[in-house]
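Asks: Below is the structure I would like to discuss, written out as structure tokens.
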Amino acid sequence: MDSSRLYLDITGFAHSTPGWVQSLFEAWTRYGLFVFGLLFVAVWWRARRQDGSRAVALAILAPLATAVAYVVSELVKSVVDEERPCRAVAGAAIPLVECPAFGDWSFPSNHSAIAGAAAVALALAVRRLAAVTIPLALLMAFSRVFVGVHYPHDVTLGLLLGGSLAALLVLGFAGRISTITAAMRASGGRAAVWFTGPGPAR
């Protein structure tokens, strides 16, 4: 798989944009994943007050599925051993962020896998969030090419890997986690009820 030409086109475009645009992409590619972390917390807190246990189960599974997607992405990365385009592509512009060290391989993009998994898992937990999380995941993937540290195929496959794994894990385990959540709510234990929520206000 070779997307070097598209990589050169995108990085060339990046260097033609105003400095403030480059700075925004640099900030997003470094810190954008924290937005998904904040959404995980918000969705979990909201789910604690809802009737039934499925909402809490989906909220709990979202970060867990994302973590699994990251681990799988890292395992694939260690097997493929694809060099970063910022070192491998002849004539490539200097990346907007530091090129990762040798041995920090390129395929697939961990950032994209995490963003794809988080976007899908959060959308499954709160469907209307898809209008926010999917564009954010796509923006994260694009930013990794824009700043010059990934090929387009790295981020495309990263998104697909993360999103697919998240969907399988969330849908596959939602029922079991719902049962556990319901038992924790019924137990009356202070810590258990704080974590899963008491359900609707009595």
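Each chain in the structure tokens gets a letter, A, B, ..., in the order shown, and its residues are numbered from 1; ligands are numbered from 1 in order too.
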Would you kindly return, as a ChimeraX atom specification, each protein, DNA or RNA residue with an atom no farther than 9 Å from any atom of Leu8 (chain A), considering only C-alpha atoms and excluding same-chain residues fewer than 2 positions away?
Replies: /A:3-6,10-13,89,91-93,148
Asks: The selected residues should be written to file as an mmCIF file, in the first residue's frame (atoms: C-alpha atoms).
Replies:
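Resulting contents of selection.cif:
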```cif
data_model
loop_
_atom_site.group_PDB
_atom_site.id
_atom_site.type_symbol
_atom_site.label_atom_id
_atom_site.label_comp_id
_atom_site.auth_asym_id
_atom_site.auth_seq_id
_atom_site.Cartn_x
_atom_site.Cartn_y
_atom_site.Cartn_z
ATOM 1 C CA SER A 3 -0.133 6.637 -0.434
ATOM 2 C CA SER A 4 3.079 8.679 -0.689
ATOM 3 C CA ARG A 5 1.727 10.925 -3.438
ATOM 4 C CA LEU A 6 -1.352 11.856 -1.424
ATOM 5 C CA ILE A 10 -1.535 17.024 1.915
ATOM 6 C CA THR A 11 1.723 18.056 3.583
ATOM 7 C CA GLY A 12 2.406 20.470 0.741
ATOM 8 C CA PHE A 13 -1.020 21.985 1.296
ATOM 9 C CA VAL A 89 9.326 9.781 1.606
ATOM 10 C CA GLY A 91 11.244 15.220 -1.001
ATOM 11 C CA ALA A 92 8.840 15.369 1.942
ATOM 12 C CA ALA A 93 8.482 18.728 3.654
ATOM 13 C CA GLY A 148 3.452 15.082 8.455
#
```
Asks: I'd like a table as a tab-separated table: residues in region 116-198 of chain A with an atom no more than 12 Å from region 53-69 of chain A, each row giving the shortest atom pair and its distance in Å to one decimal, only C-alpha atoms counted, sorted by chain and rising residue number.
Replies:
```
residue	atom	partner	partner_atom	distance
A:Gly116	CA	A:Thr66	CA	8.4
A:Ala117	CA	A:Thr66	CA	5.0
A:Ala118	CA	A:Thr66	CA	5.5
A:Ala119	CA	A:Ala62	CA	9.0
A:Val120	CA	A:Ala62	CA	8.4
A:Ala121	CA	A:Ala62	CA	4.8
A:Leu122	CA	A:Ala62	CA	6.0
A:Ala123	CA	A:Ala62	CA	9.2
A:Leu124	CA	A:Leu58	CA	7.3
A:Ala125	CA	A:Leu58	CA	5.1
A:Val126	CA	A:Ala55	CA	8.4
A:Arg127	CA	A:Leu58	CA	11.2
A:Gly158	CA	A:Ala69	CA	9.3
A:Leu159	CA	A:Ala69	CA	10.0
A:Leu160	CA	A:Ala69	CA	10.4
A:Leu161	CA	A:Ala69	CA	7.3
A:Gly162	CA	A:Ala69	CA	5.2
A:Gly163	CA	A:Ala69	CA	8.2
A:Ser164	CA	A:Ala69	CA	8.9
A:Leu165	CA	A:Ala69	CA	6.2
A:Ala166	CA	A:Ala65	CA	5.1
A:Ala167	CA	A:Ala65	CA	8.3
A:Leu168	CA	A:Ala65	CA	8.9
A:Leu169	CA	A:Ala65	CA	6.1
A:Val170	CA	A:Leu61	CA	5.9
A:Leu171	CA	A:Leu58	CA	8.7
A:Gly172	CA	A:Leu61	CA	10.3
A:Phe173	CA	A:Leu61	CA	8.0
A:Ala174	CA	A:Ala57	CA	6.0
A:Gly175	CA	A:Arg54	CA	7.5
A:Arg176	CA	A:Ala57	CA	8.5
A:Ile177	CA	A:Ala57	CA	5.3
A:Ser178	CA	A:Arg54	CA	5.0
A:Thr179	CA	A:Ser53	CA	7.4
A:Ile180	CA	A:Ala57	CA	8.5
A:Thr181	CA	A:Ser53	CA	5.8
A:Ala182	CA	A:Ser53	CA	5.5
A:Ala183	CA	A:Ser53	CA	9.2
A:Met184	CA	A:Ser53	CA	9.7
A:Arg185	CA	A:Ser53	CA	8.4
A:Ala186	CA	A:Ser53	CA	10.6
A:Val193	CA	A:Val56	CA	11.4
A:Trp194	CA	A:Val56	CA	11.7
A:Phe195	CA	A:Val56	CA	9.2
A:Thr196	CA	A:Val56	CA	6.4
A:Gly197	CA	A:Val56	CA	8.0
A:Pro198	CA	A:Ser53	CA	9.9
```
Asks: Can I get the selection written as a compact mmCIF listing (two decimals), in the first residue's frame, with N, CA and C atoms?
Replies:
```
# COMPACT_ATOMS: atom_id res chain seq x y z
N GLY A 116 -11.15 6.71 16.32
CA GLY A 116 -12.21 5.94 15.68
C GLY A 116 -12.99 5.11 16.68
N ALA A 117 -12.27 4.46 17.60
CA ALA A 117 -12.93 3.64 18.62
C ALA A 117 -13.78 4.51 19.54
N ALA A 118 -13.22 5.62 20.00
CA ALA A 118 -13.95 6.50 20.91
C ALA A 118 -15.19 7.08 20.23
N ALA A 119 -15.05 7.46 18.97
CA ALA A 119 -16.18 8.06 18.25
C ALA A 119 -17.34 7.08 18.14
N VAL A 120 -17.04 5.84 17.76
CA VAL A 120 -18.09 4.83 17.59
C VAL A 120 -18.68 4.43 18.94
N ALA A 121 -17.83 4.21 19.93
CA ALA A 121 -18.32 3.78 21.24
C ALA A 121 -19.20 4.85 21.88
N LEU A 122 -18.80 6.11 21.77
CA LEU A 122 -19.61 7.19 22.33
C LEU A 122 -20.93 7.34 21.57
N ALA A 123 -20.88 7.15 20.26
CA ALA A 123 -22.11 7.24 19.46
C ALA A 123 -23.07 6.12 19.80
N LEU A 124 -22.53 4.95 20.13
CA LEU A 124 -23.40 3.84 20.55
C LEU A 124 -24.01 4.10 21.92
N ALA A 125 -23.28 4.84 22.76
CA ALA A 125 -23.79 5.16 24.10
C ALA A 125 -24.84 6.26 24.04
N VAL A 126 -24.59 7.29 23.21
CA VAL A 126 -25.53 8.40 23.05
C VAL A 126 -25.58 8.70 21.55
N ARG A 127 -26.61 8.27 20.89
CA ARG A 127 -26.63 8.30 19.42
C ARG A 127 -26.44 9.68 18.82
N GLY A 158 -6.39 2.95 10.55
CA GLY A 158 -6.50 3.15 11.99
C GLY A 158 -7.93 3.43 12.40
N LEU A 159 -8.59 4.32 11.66
CA LEU A 159 -10.00 4.62 11.95
C LEU A 159 -10.87 3.38 11.83
N LEU A 160 -10.68 2.63 10.75
CA LEU A 160 -11.50 1.44 10.52
C LEU A 160 -11.24 0.38 11.59
N LEU A 161 -9.98 0.20 11.96
CA LEU A 161 -9.64 -0.77 13.00
C LEU A 161 -10.28 -0.39 14.32
N GLY A 162 -10.07 0.85 14.74
CA GLY A 162 -10.62 1.29 16.02
C GLY A 162 -12.14 1.26 16.04
N GLY A 163 -12.76 1.79 15.00
CA GLY A 163 -14.22 1.82 14.96
C GLY A 163 -14.84 0.44 14.94
N SER A 164 -14.25 -0.47 14.16
CA SER A 164 -14.79 -1.84 14.06
C SER A 164 -14.67 -2.58 15.39
N LEU A 165 -13.50 -2.48 16.01
CA LEU A 165 -13.30 -3.16 17.29
C LEU A 165 -14.25 -2.61 18.35
N ALA A 166 -14.40 -1.29 18.38
CA ALA A 166 -15.29 -0.69 19.38
C ALA A 166 -16.72 -1.17 19.20
N ALA A 167 -17.19 -1.21 17.96
CA ALA A 167 -18.56 -1.66 17.70
C ALA A 167 -18.75 -3.11 18.15
N LEU A 168 -17.80 -3.96 17.81
CA LEU A 168 -17.90 -5.38 18.19
C LEU A 168 -17.89 -5.55 19.71
N LEU A 169 -16.99 -4.85 20.38
CA LEU A 169 -16.87 -5.01 21.83
C LEU A 169 -18.07 -4.43 22.57
N VAL A 170 -18.50 -3.24 22.17
CA VAL A 170 -19.62 -2.61 22.87
C VAL A 170 -20.90 -3.43 22.66
N LEU A 171 -21.19 -3.79 21.42
CA LEU A 171 -22.40 -4.56 21.16
C LEU A 171 -22.33 -5.97 21.72
N GLY A 172 -21.12 -6.53 21.73
CA GLY A 172 -20.97 -7.90 22.23
C GLY A 172 -21.06 -8.02 23.73
N PHE A 173 -20.65 -6.98 24.46
CA PHE A 173 -20.60 -7.09 25.92
C PHE A 173 -21.63 -6.23 26.64
N ALA A 174 -22.43 -5.48 25.91
CA ALA A 174 -23.38 -4.58 26.55
C ALA A 174 -24.34 -5.33 27.47
N GLY A 175 -24.82 -6.48 27.02
CA GLY A 175 -25.77 -7.24 27.84
C GLY A 175 -25.16 -7.72 29.14
N ARG A 176 -23.95 -8.24 29.08
CA ARG A 176 -23.29 -8.76 30.29
C ARG A 176 -22.98 -7.64 31.27
N ILE A 177 -22.47 -6.54 30.75
CA ILE A 177 -22.14 -5.42 31.64
C ILE A 177 -23.40 -4.80 32.23
N SER A 178 -24.49 -4.83 31.47
CA SER A 178 -25.77 -4.33 31.99
C SER A 178 -26.22 -5.16 33.19
N THR A 179 -26.06 -6.45 33.09
CA THR A 179 -26.44 -7.34 34.20
C THR A 179 -25.60 -7.05 35.43
N ILE A 180 -24.30 -6.86 35.24
CA ILE A 180 -23.41 -6.56 36.35
C ILE A 180 -23.76 -5.20 36.96
N THR A 181 -24.05 -4.23 36.10
CA THR A 181 -24.41 -2.90 36.56
C THR A 181 -25.70 -2.92 37.39
N ALA A 182 -26.68 -3.68 36.92
CA ALA A 182 -27.95 -3.78 37.65
C ALA A 182 -27.72 -4.40 39.03
N ALA A 183 -26.85 -5.43 39.10
CA ALA A 183 -26.55 -6.06 40.38
C ALA A 183 -25.83 -5.10 41.31
N MET A 184 -24.94 -4.29 40.76
CA MET A 184 -24.24 -3.32 41.59
C MET A 184 -25.19 -2.26 42.14
N ARG A 185 -26.13 -1.82 41.31
CA ARG A 185 -27.12 -0.84 41.78
C ARG A 185 -27.99 -1.44 42.89
N ALA A 186 -28.35 -2.71 42.72
CA ALA A 186 -29.23 -3.36 43.69
C ALA A 186 -28.53 -3.71 44.98
N VAL A 193 -22.97 1.96 44.17
CA VAL A 193 -24.05 2.85 43.74
C VAL A 193 -23.49 4.17 43.23
N TRP A 194 -22.39 4.64 43.83
CA TRP A 194 -21.79 5.89 43.33
C TRP A 194 -21.27 5.69 41.90
N PHE A 195 -20.65 4.53 41.64
CA PHE A 195 -20.06 4.29 40.32
C PHE A 195 -21.13 4.06 39.27
N THR A 196 -22.12 3.25 39.56
CA THR A 196 -23.15 2.92 38.57
C THR A 196 -24.30 3.92 38.58
N GLY A 197 -24.43 4.68 39.68
CA GLY A 197 -25.52 5.62 39.79
C GLY A 197 -26.75 5.00 40.41
N PRO A 198 -27.52 5.80 41.09
CA PRO A 198 -28.72 5.28 41.74
C PRO A 198 -29.90 5.14 40.80
```
Asks: Could you find all residues in region 18-170 of chain A that DSSP calls alpha helix (DSSP H) from the backbone, and write them as a VMD selection string?
Replies: chain A and resid 19 to 31 33 to 47 54 to 80 85 to 88 110 to 125 130 to 146 152 to 170
Asks: Put those residues in a file: C-alpha atoms, as a tab-separated table (two decimals), in the first residue's frame.
Replies:
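The new file result.tsv reads:
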```tsv
chain	number	residue	atom	x	y	z
A	19	GLY	CA	0.61	29.97	10.52
A	20	TRP	CA	-2.46	30.11	12.74
A	21	VAL	CA	-4.02	27.18	10.83
A	22	GLN	CA	-0.85	25.14	11.27
A	23	SER	CA	-0.82	25.99	14.97
A	24	LEU	CA	-4.43	24.84	15.36
A	25	PHE	CA	-3.67	21.52	13.71
A	26	GLU	CA	-0.55	21.07	15.82
A	27	ALA	CA	-2.58	21.67	19.00
A	28	TRP	CA	-5.39	19.37	17.87
A	29	THR	CA	-3.09	16.51	16.90
A	30	ARG	CA	-1.31	16.74	20.28
A	31	TYR	CA	-4.24	17.29	22.61
A	33	LEU	CA	-7.76	12.99	22.21
A	34	PHE	CA	-8.41	14.61	25.60
A	35	VAL	CA	-11.73	15.83	24.19
A	36	PHE	CA	-12.84	12.20	23.88
A	37	GLY	CA	-11.75	11.65	27.47
A	38	LEU	CA	-13.96	14.49	28.64
A	39	LEU	CA	-16.86	13.05	26.62
A	40	PHE	CA	-16.34	9.64	28.29
A	41	VAL	CA	-16.75	11.28	31.70
A	42	ALA	CA	-19.76	13.35	30.64
A	43	VAL	CA	-21.56	10.34	29.12
A	44	TRP	CA	-20.88	8.20	32.21
A	45	TRP	CA	-22.11	10.93	34.57
A	46	ARG	CA	-25.27	11.40	32.51
A	47	ALA	CA	-25.92	7.64	32.39
A	54	ARG	CA	-27.85	-0.36	29.82
A	55	ALA	CA	-26.93	3.33	29.57
A	56	VAL	CA	-24.32	2.91	32.31
A	57	ALA	CA	-23.03	-0.26	30.70
A	58	LEU	CA	-22.52	1.52	27.39
A	59	ALA	CA	-20.82	4.43	29.14
A	60	ILE	CA	-18.44	2.05	30.93
A	61	LEU	CA	-17.68	0.08	27.79
A	62	ALA	CA	-16.79	3.15	25.72
A	63	PRO	CA	-13.37	3.83	27.29
A	64	LEU	CA	-12.69	0.12	27.75
A	65	ALA	CA	-13.30	-0.61	24.07
A	66	THR	CA	-11.11	2.35	23.15
A	67	ALA	CA	-8.29	1.01	25.31
A	68	VAL	CA	-8.55	-2.41	23.64
A	69	ALA	CA	-8.44	-0.76	20.21
A	70	TYR	CA	-5.25	1.06	21.19
A	71	VAL	CA	-3.60	-2.18	22.36
A	72	VAL	CA	-4.55	-4.00	19.15
A	73	SER	CA	-3.31	-1.08	17.06
A	74	GLU	CA	0.00	-1.12	18.91
A	75	LEU	CA	0.35	-4.86	18.34
A	76	VAL	CA	-0.28	-4.48	14.61
A	77	LYS	CA	2.18	-1.59	14.50
A	78	SER	CA	4.90	-3.74	16.09
A	79	VAL	CA	4.37	-6.45	13.45
A	80	VAL	CA	4.19	-4.27	10.33
A	85	PRO	CA	6.78	9.08	6.03
A	86	CYS	CA	8.65	12.05	7.50
A	87	ARG	CA	11.80	9.92	7.12
A	88	ALA	CA	10.90	7.58	4.29
A	110	ASN	CA	-2.67	4.86	17.06
A	111	HIS	CA	-4.24	8.32	17.29
A	112	SER	CA	-6.68	7.39	14.53
A	113	ALA	CA	-7.48	4.00	16.07
A	114	ILE	CA	-8.20	5.63	19.43
A	115	ALA	CA	-10.28	8.40	17.85
A	116	GLY	CA	-12.21	5.94	15.68
A	117	ALA	CA	-12.93	3.64	18.62
A	118	ALA	CA	-13.95	6.50	20.91
A	119	ALA	CA	-16.18	8.06	18.25
A	120	VAL	CA	-18.09	4.83	17.59
A	121	ALA	CA	-18.32	3.78	21.24
A	122	LEU	CA	-19.61	7.19	22.33
A	123	ALA	CA	-22.11	7.24	19.46
A	124	LEU	CA	-23.40	3.84	20.55
A	125	ALA	CA	-23.79	5.16	24.10
A	130	ALA	CA	-22.30	10.77	16.46
A	131	ALA	CA	-22.75	14.21	14.87
A	132	VAL	CA	-19.87	15.40	17.06
A	133	THR	CA	-17.62	12.40	17.58
A	134	ILE	CA	-17.39	11.19	13.97
A	135	PRO	CA	-16.22	14.57	12.60
A	136	LEU	CA	-13.76	14.89	15.50
A	137	ALA	CA	-12.30	11.45	14.73
A	138	LEU	CA	-11.97	12.31	11.04
A	139	LEU	CA	-10.29	15.60	11.96
A	140	MET	CA	-7.84	13.77	14.23
A	141	ALA	CA	-6.97	11.32	11.46
A	142	PHE	CA	-6.50	14.10	8.92
A	143	SER	CA	-4.35	16.09	11.33
A	144	ARG	CA	-1.86	13.23	11.61
A	145	VAL	CA	-1.20	13.47	7.88
A	146	PHE	CA	-1.43	17.27	7.86
A	152	PRO	CA	-3.09	8.58	4.56
A	153	HIS	CA	-3.41	4.78	4.59
A	154	ASP	CA	-2.15	4.72	8.19
A	155	VAL	CA	-4.98	6.89	9.41
A	156	THR	CA	-7.66	5.34	7.21
A	157	LEU	CA	-6.94	1.83	8.45
A	158	GLY	CA	-6.50	3.15	11.99
A	159	LEU	CA	-10.00	4.62	11.95
A	160	LEU	CA	-11.50	1.44	10.52
A	161	LEU	CA	-9.64	-0.77	13.00
A	162	GLY	CA	-10.62	1.29	16.02
A	163	GLY	CA	-14.22	1.82	14.96
A	164	SER	CA	-14.79	-1.84	14.06
A	165	LEU	CA	-13.30	-3.16	17.29
A	166	ALA	CA	-15.29	-0.69	19.38
A	167	ALA	CA	-18.56	-1.66	17.70
A	168	LEU	CA	-17.90	-5.38	18.19
A	169	LEU	CA	-16.87	-5.01	21.83
A	170	VAL	CA	-19.62	-2.61	22.87
```
Asks: CA of Phe102 (chain A) and CA of Asp81 (chain A), how far apart in Å?
Replies: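 Computing it gives 10.1 Å between the two atoms.
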Asks: Which of these, A:Tyr7, A:Glu83, A:Arg190, A:His15, has the shortest distance to Pro100 (chain A) once you count only C-alpha atoms?
Replies: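 So, comparing all the options, the nearest one is A:Glu83.
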Asks: Interatomic distance between CA of Pro95 (chain A) and CA of Ser16 (chain A)?
Replies: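 Answer for the CA of Pro95 (chain A) to CA of Ser16 (chain A) separation: 12.8 Å.
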